[in-house]
>>> print(open('model_30.txt').read())   # compact mmCIF, N, CA and C atoms
# COMPACT_ATOMS: atom_id res chain seq x y z
N MET A 1427 0.82 -1.18 0.00
CA MET A 1427 0.00 0.00 0.00
C MET A 1427 0.87 1.26 0.00
N ALA A 1428 1.94 1.23 0.78
CA ALA A 1428 2.82 2.40 0.87
C ALA A 1428 3.55 2.66 -0.44
N SER A 1429 3.60 1.68 -1.32
CA SER A 1429 4.24 1.89 -2.62
C SER A 1429 3.22 2.27 -3.69
N GLY A 1430 1.97 2.50 -3.27
CA GLY A 1430 0.94 2.93 -4.20
C GLY A 1430 0.43 1.82 -5.10
N ARG A 1431 0.47 0.59 -4.60
CA ARG A 1431 0.00 -0.55 -5.37
C ARG A 1431 -1.31 -1.08 -4.81
N ALA A 1432 -2.16 -1.53 -5.70
CA ALA A 1432 -3.41 -2.16 -5.28
C ALA A 1432 -3.09 -3.47 -4.59
N CYS A 1433 -3.83 -3.79 -3.55
CA CYS A 1433 -3.57 -5.00 -2.77
C CYS A 1433 -4.79 -5.91 -2.77
N VAL A 1434 -4.50 -7.19 -2.67
CA VAL A 1434 -5.52 -8.20 -2.41
C VAL A 1434 -5.11 -8.88 -1.13
N ALA A 1435 -6.04 -8.99 -0.19
CA ALA A 1435 -5.72 -9.60 1.11
C ALA A 1435 -6.92 -10.39 1.60
N THR A 1436 -6.67 -11.29 2.55
CA THR A 1436 -7.79 -12.02 3.14
C THR A 1436 -8.48 -11.14 4.17
N ASP A 1437 -9.77 -11.35 4.31
CA ASP A 1437 -10.60 -10.54 5.18
C ASP A 1437 -10.45 -11.03 6.63
N VAL A 1438 -9.34 -10.62 7.24
CA VAL A 1438 -9.06 -10.93 8.64
C VAL A 1438 -8.72 -9.63 9.35
N ALA A 1439 -8.61 -9.69 10.66
CA ALA A 1439 -8.48 -8.47 11.47
C ALA A 1439 -7.41 -7.50 10.99
N GLY A 1440 -6.19 -7.89 10.82
CA GLY A 1440 -5.14 -6.95 10.43
C GLY A 1440 -5.38 -6.33 9.07
N SER A 1441 -5.78 -7.15 8.11
CA SER A 1441 -6.04 -6.64 6.76
C SER A 1441 -7.22 -5.69 6.75
N ARG A 1442 -8.24 -6.03 7.52
CA ARG A 1442 -9.43 -5.20 7.59
C ARG A 1442 -9.12 -3.82 8.16
N ASP A 1443 -8.12 -3.75 9.03
CA ASP A 1443 -7.72 -2.46 9.61
C ASP A 1443 -7.02 -1.59 8.58
N LEU A 1444 -6.34 -2.21 7.63
CA LEU A 1444 -5.57 -1.46 6.63
C LEU A 1444 -6.36 -1.14 5.38
N LEU A 1445 -6.97 -2.15 4.81
CA LEU A 1445 -7.66 -2.01 3.53
C LEU A 1445 -9.12 -1.65 3.69
N VAL A 1446 -9.63 -0.84 2.79
CA VAL A 1446 -11.06 -0.63 2.68
C VAL A 1446 -11.46 -1.35 1.40
N ASN A 1447 -12.23 -2.43 1.56
CA ASN A 1447 -12.59 -3.27 0.43
C ASN A 1447 -13.26 -2.47 -0.68
N GLY A 1448 -12.74 -2.62 -1.89
CA GLY A 1448 -13.31 -1.93 -3.03
C GLY A 1448 -12.91 -0.48 -3.16
N GLN A 1449 -12.10 0.00 -2.20
CA GLN A 1449 -11.65 1.38 -2.25
C GLN A 1449 -10.12 1.45 -2.34
N SER A 1450 -9.44 0.79 -1.42
CA SER A 1450 -7.97 0.81 -1.44
C SER A 1450 -7.39 -0.57 -1.71
N GLY A 1451 -8.24 -1.48 -2.10
CA GLY A 1451 -7.82 -2.85 -2.41
C GLY A 1451 -9.01 -3.78 -2.37
N LEU A 1452 -8.72 -5.06 -2.39
CA LEU A 1452 -9.78 -6.06 -2.36
C LEU A 1452 -9.55 -7.02 -1.21
N LEU A 1453 -10.60 -7.29 -0.46
CA LEU A 1453 -10.56 -8.29 0.60
C LEU A 1453 -11.35 -9.51 0.14
N VAL A 1454 -10.80 -10.67 0.40
CA VAL A 1454 -11.48 -11.92 0.05
C VAL A 1454 -11.60 -12.77 1.31
N PRO A 1455 -12.59 -13.65 1.36
CA PRO A 1455 -12.75 -14.50 2.55
C PRO A 1455 -11.50 -15.36 2.77
N ALA A 1456 -11.12 -15.48 4.02
CA ALA A 1456 -9.97 -16.33 4.38
C ALA A 1456 -10.27 -17.77 3.96
N GLY A 1457 -9.29 -18.40 3.37
CA GLY A 1457 -9.43 -19.79 2.96
C GLY A 1457 -10.13 -20.01 1.64
N ASP A 1458 -10.53 -18.95 0.98
CA ASP A 1458 -11.26 -19.07 -0.28
C ASP A 1458 -10.31 -18.82 -1.45
N ALA A 1459 -9.67 -19.89 -1.90
CA ALA A 1459 -8.68 -19.78 -2.98
C ALA A 1459 -9.31 -19.28 -4.27
N LEU A 1460 -10.54 -19.67 -4.56
CA LEU A 1460 -11.22 -19.24 -5.77
C LEU A 1460 -11.42 -17.72 -5.75
N ALA A 1461 -11.90 -17.20 -4.62
CA ALA A 1461 -12.10 -15.74 -4.50
C ALA A 1461 -10.78 -15.00 -4.60
N LEU A 1462 -9.73 -15.55 -4.03
CA LEU A 1462 -8.42 -14.94 -4.12
C LEU A 1462 -7.97 -14.86 -5.58
N GLY A 1463 -8.10 -15.96 -6.30
CA GLY A 1463 -7.74 -15.98 -7.71
C GLY A 1463 -8.56 -15.00 -8.53
N GLN A 1464 -9.85 -14.91 -8.24
CA GLN A 1464 -10.73 -14.00 -8.97
C GLN A 1464 -10.33 -12.53 -8.71
N ALA A 1465 -9.98 -12.22 -7.47
CA ALA A 1465 -9.58 -10.85 -7.14
C ALA A 1465 -8.28 -10.48 -7.84
N ILE A 1466 -7.33 -11.40 -7.84
CA ILE A 1466 -6.06 -11.15 -8.53
C ILE A 1466 -6.30 -10.99 -10.02
N ASP A 1467 -7.15 -11.84 -10.58
CA ASP A 1467 -7.48 -11.76 -12.00
C ASP A 1467 -8.14 -10.43 -12.33
N ARG A 1468 -9.04 -9.99 -11.46
CA ARG A 1468 -9.73 -8.71 -11.68
C ARG A 1468 -8.71 -7.59 -11.78
N LEU A 1469 -7.75 -7.55 -10.85
CA LEU A 1469 -6.75 -6.49 -10.90
C LEU A 1469 -5.82 -6.63 -12.09
N ALA A 1470 -5.50 -7.86 -12.44
CA ALA A 1470 -4.62 -8.08 -13.60
C ALA A 1470 -5.25 -7.55 -14.88
N LYS A 1471 -6.56 -7.62 -14.96
CA LYS A 1471 -7.28 -7.21 -16.18
C LYS A 1471 -7.80 -5.78 -16.14
N SER A 1472 -7.61 -5.09 -15.03
CA SER A 1472 -8.21 -3.76 -14.89
C SER A 1472 -7.19 -2.71 -14.46
N PRO A 1473 -6.50 -2.10 -15.41
CA PRO A 1473 -5.54 -1.05 -15.05
C PRO A 1473 -6.18 0.11 -14.31
N GLY A 1474 -7.44 0.40 -14.62
CA GLY A 1474 -8.14 1.49 -13.93
C GLY A 1474 -8.32 1.20 -12.45
N ASP A 1475 -8.74 -0.03 -12.13
CA ASP A 1475 -8.88 -0.41 -10.72
C ASP A 1475 -7.52 -0.40 -10.03
N ARG A 1476 -6.49 -0.91 -10.71
CA ARG A 1476 -5.15 -0.92 -10.10
C ARG A 1476 -4.71 0.50 -9.76
N ARG A 1477 -4.89 1.42 -10.68
CA ARG A 1477 -4.49 2.82 -10.43
C ARG A 1477 -5.32 3.43 -9.30
N ARG A 1478 -6.62 3.25 -9.38
CA ARG A 1478 -7.52 3.85 -8.38
C ARG A 1478 -7.25 3.27 -6.99
N PHE A 1479 -7.17 1.95 -6.89
CA PHE A 1479 -6.90 1.31 -5.60
C PHE A 1479 -5.51 1.69 -5.09
N GLY A 1480 -4.52 1.71 -6.00
CA GLY A 1480 -3.16 2.04 -5.60
C GLY A 1480 -3.06 3.45 -5.05
N HIS A 1481 -3.71 4.40 -5.72
CA HIS A 1481 -3.71 5.78 -5.25
C HIS A 1481 -4.39 5.87 -3.89
N ALA A 1482 -5.55 5.23 -3.76
CA ALA A 1482 -6.29 5.26 -2.48
C ALA A 1482 -5.49 4.57 -1.37
N ALA A 1483 -4.78 3.50 -1.71
CA ALA A 1483 -3.97 2.78 -0.72
C ALA A 1483 -2.85 3.68 -0.20
N LEU A 1484 -2.15 4.34 -1.10
CA LEU A 1484 -1.07 5.23 -0.69
C LEU A 1484 -1.61 6.38 0.16
N THR A 1485 -2.70 6.96 -0.26
CA THR A 1485 -3.32 8.05 0.50
C THR A 1485 -3.69 7.59 1.90
N ARG A 1486 -4.26 6.40 2.00
CA ARG A 1486 -4.65 5.85 3.32
C ARG A 1486 -3.43 5.66 4.22
N VAL A 1487 -2.35 5.12 3.68
CA VAL A 1487 -1.13 4.93 4.47
C VAL A 1487 -0.59 6.27 4.95
N LEU A 1488 -0.52 7.25 4.05
CA LEU A 1488 0.04 8.55 4.42
C LEU A 1488 -0.83 9.29 5.44
N GLU A 1489 -2.14 9.05 5.41
CA GLU A 1489 -3.04 9.72 6.35
C GLU A 1489 -3.13 9.02 7.70
N ARG A 1490 -2.97 7.69 7.72
CA ARG A 1490 -3.27 6.94 8.94
C ARG A 1490 -2.13 6.12 9.52
N PHE A 1491 -1.12 5.83 8.74
CA PHE A 1491 -0.12 4.87 9.20
C PHE A 1491 1.31 5.38 9.08
N THR A 1492 1.50 6.67 9.28
CA THR A 1492 2.86 7.19 9.28
C THR A 1492 3.56 6.78 10.57
N ILE A 1493 4.86 6.86 10.60
CA ILE A 1493 5.60 6.52 11.81
C ILE A 1493 5.19 7.44 12.95
N GLU A 1494 4.95 8.71 12.65
CA GLU A 1494 4.53 9.65 13.70
C GLU A 1494 3.18 9.23 14.30
N HIS A 1495 2.27 8.82 13.45
CA HIS A 1495 0.96 8.38 13.93
C HIS A 1495 1.10 7.14 14.80
N GLU A 1496 1.91 6.19 14.35
CA GLU A 1496 2.09 4.95 15.10
C GLU A 1496 2.77 5.21 16.45
N VAL A 1497 3.78 6.08 16.48
CA VAL A 1497 4.45 6.42 17.73
C VAL A 1497 3.45 7.06 18.69
N HIS A 1498 2.66 8.01 18.19
CA HIS A 1498 1.66 8.67 19.04
C HIS A 1498 0.65 7.65 19.59
N ALA A 1499 0.20 6.74 18.75
CA ALA A 1499 -0.77 5.73 19.20
C ALA A 1499 -0.17 4.84 20.29
N HIS A 1500 1.09 4.45 20.12
CA HIS A 1500 1.73 3.62 21.14
C HIS A 1500 1.96 4.40 22.44
N GLU A 1501 2.36 5.66 22.32
CA GLU A 1501 2.54 6.48 23.52
C GLU A 1501 1.22 6.61 24.29
N ALA A 1502 0.13 6.81 23.57
CA ALA A 1502 -1.18 6.94 24.21
C ALA A 1502 -1.58 5.63 24.89
N MET A 1503 -1.29 4.51 24.22
CA MET A 1503 -1.62 3.20 24.79
C MET A 1503 -0.84 2.98 26.10
N TYR A 1504 0.47 3.29 26.07
CA TYR A 1504 1.28 3.11 27.29
C TYR A 1504 0.85 4.06 28.40
N ALA A 1505 0.54 5.29 28.05
CA ALA A 1505 0.10 6.26 29.05
C ALA A 1505 -1.19 5.79 29.71
N GLU A 1506 -2.10 5.26 28.93
CA GLU A 1506 -3.36 4.75 29.47
C GLU A 1506 -3.10 3.56 30.39
N ALA A 1507 -2.22 2.65 29.97
CA ALA A 1507 -1.91 1.47 30.76
C ALA A 1507 -1.25 1.85 32.09
N LEU A 1508 -0.37 2.85 32.05
CA LEU A 1508 0.33 3.26 33.26
C LEU A 1508 -0.57 4.04 34.23
N SER A 1509 -1.61 4.68 33.71
CA SER A 1509 -2.49 5.46 34.57
C SER A 1509 -3.54 4.59 35.25
N SER A 1510 -3.67 3.36 34.83
CA SER A 1510 -4.68 2.45 35.42
C SER A 1510 -4.22 1.91 36.75
>>> encode(input="model_30.txt", output="C-alpha cells")
Amino acid sequence: MASGRACVATDVAGSRDLLVNGQSGLLVPAGDALALGQAIDRLAKSPGDRRRFGHAALTRVLERFTIEHEVHAHEAMYAEALSS
C-alpha cells in the first residue's frame, strides 16, 4: 500500500484495519482460494482499478499509518496502561 499498489488480502483483522474493500484494495474471505484468484485476475485485467486502488492505498497509508501516527498511538496506549 505504501508503494501505491493495489492489494488483495484475506478478510481478517489486520487486513481489515488497513484495507477498505473496493476502495484501497480487495478483501477476500480467508481460505477461499477461488475468490483470491478472482480478485487477482480482476486487478490483472483492470488497469483502472489498479491505479484507483493504488492511489487510495497510498493516501490511506500517508493519512493513517505514518511513523509519527504509530508512535503517538503507542505512547497513548502506554500512558493509558500506566495510569490504570
>>> residues_around(input="model_30.txt", residues="range 1448-1459 of chain A", least_positions_apart="3", cutoff="8 Å", atoms="only C-alpha atoms", output="MDAnalysis selection string")
chainID A and resid 1432:1438 1441:1442 1445 1462:1463 1465 1478:1483 1486
>>> atom_distance(input="model_30.txt", atom1="atom N of Leu1444 in chain A", atom2="atom N of Leu1508 in chain A")
25.6 Å
>>> select_by_dssp(input="model_30.txt", residues="chain A", states="strand (DSSP E or B)", output="list in words")
Cys1433, Val1434, Ala1435, Thr1436, Asn1447, Gly1451, Leu1452, Leu1453 and Val1454 of chain A
>>> atom_distance(input="model_30.txt", atom1="CA of Thr1485 in chain A", atom2="CA of Arg1468 in chain A")
21.7 Å
>>> atom_distance(input="model_30.txt", atom1="CA of Ser1510 in chain A", atom2="CA of His1495 in chain A")
23.0 Å
>>> decode(input="model_30.txt", residues="range 1478-1502 of chain A", atoms="N, CA and C atoms", output="tab-separated table (two decimals), in the first residue's frame")
chain	number	residue	atom	x	y	z
A	1478	ARG	N	-6.62	3.25	-9.38
A	1478	ARG	CA	-7.52	3.85	-8.38
A	1478	ARG	C	-7.25	3.27	-6.99
A	1479	PHE	N	-7.17	1.95	-6.89
A	1479	PHE	CA	-6.90	1.31	-5.60
A	1479	PHE	C	-5.51	1.69	-5.09
A	1480	GLY	N	-4.52	1.71	-6.00
A	1480	GLY	CA	-3.16	2.04	-5.60
A	1480	GLY	C	-3.06	3.45	-5.05
A	1481	HIS	N	-3.71	4.40	-5.72
A	1481	HIS	CA	-3.71	5.78	-5.25
A	1481	HIS	C	-4.39	5.87	-3.89
A	1482	ALA	N	-5.55	5.23	-3.76
A	1482	ALA	CA	-6.29	5.26	-2.48
A	1482	ALA	C	-5.49	4.57	-1.37
A	1483	ALA	N	-4.78	3.50	-1.71
A	1483	ALA	CA	-3.97	2.78	-0.72
A	1483	ALA	C	-2.85	3.68	-0.20
A	1484	LEU	N	-2.15	4.34	-1.10
A	1484	LEU	CA	-1.07	5.23	-0.69
A	1484	LEU	C	-1.61	6.38	0.16
A	1485	THR	N	-2.70	6.96	-0.26
A	1485	THR	CA	-3.32	8.05	0.50
A	1485	THR	C	-3.69	7.59	1.90
A	1486	ARG	N	-4.26	6.40	2.00
A	1486	ARG	CA	-4.65	5.85	3.32
A	1486	ARG	C	-3.43	5.66	4.22
A	1487	VAL	N	-2.35	5.12	3.68
A	1487	VAL	CA	-1.13	4.93	4.47
A	1487	VAL	C	-0.59	6.27	4.95
A	1488	LEU	N	-0.52	7.25	4.05
A	1488	LEU	CA	0.04	8.55	4.42
A	1488	LEU	C	-0.83	9.29	5.44
A	1489	GLU	N	-2.14	9.05	5.41
A	1489	GLU	CA	-3.04	9.72	6.35
A	1489	GLU	C	-3.13	9.02	7.70
A	1490	ARG	N	-2.97	7.69	7.72
A	1490	ARG	CA	-3.27	6.94	8.94
A	1490	ARG	C	-2.13	6.12	9.52
A	1491	PHE	N	-1.12	5.83	8.74
A	1491	PHE	CA	-0.12	4.87	9.20
A	1491	PHE	C	1.31	5.38	9.08
A	1492	THR	N	1.50	6.67	9.28
A	1492	THR	CA	2.86	7.19	9.28
A	1492	THR	C	3.56	6.78	10.57
A	1493	ILE	N	4.86	6.86	10.60
A	1493	ILE	CA	5.60	6.52	11.81
A	1493	ILE	C	5.19	7.44	12.95
A	1494	GLU	N	4.95	8.71	12.65
A	1494	GLU	CA	4.53	9.65	13.70
A	1494	GLU	C	3.18	9.23	14.30
A	1495	HIS	N	2.27	8.82	13.45
A	1495	HIS	CA	0.96	8.38	13.93
A	1495	HIS	C	1.10	7.14	14.80
A	1496	GLU	N	1.91	6.19	14.35
A	1496	GLU	CA	2.09	4.95	15.10
A	1496	GLU	C	2.77	5.21	16.45
A	1497	VAL	N	3.78	6.08	16.48
A	1497	VAL	CA	4.45	6.42	17.73
A	1497	VAL	C	3.45	7.06	18.69
A	1498	HIS	N	2.66	8.01	18.19
A	1498	HIS	CA	1.66	8.67	19.04
A	1498	HIS	C	0.65	7.65	19.59
A	1499	ALA	N	0.20	6.74	18.75
A	1499	ALA	CA	-0.77	5.73	19.20
A	1499	ALA	C	-0.17	4.84	20.29
A	1500	HIS	N	1.09	4.45	20.12
A	1500	HIS	CA	1.73	3.62	21.14
A	1500	HIS	C	1.96	4.40	22.44
A	1501	GLU	N	2.36	5.66	22.32
A	1501	GLU	CA	2.54	6.48	23.52
A	1501	GLU	C	1.22	6.61	24.29
A	1502	ALA	N	0.13	6.81	23.57
A	1502	ALA	CA	-1.18	6.94	24.21
A	1502	ALA	C	-1.58	5.63	24.89
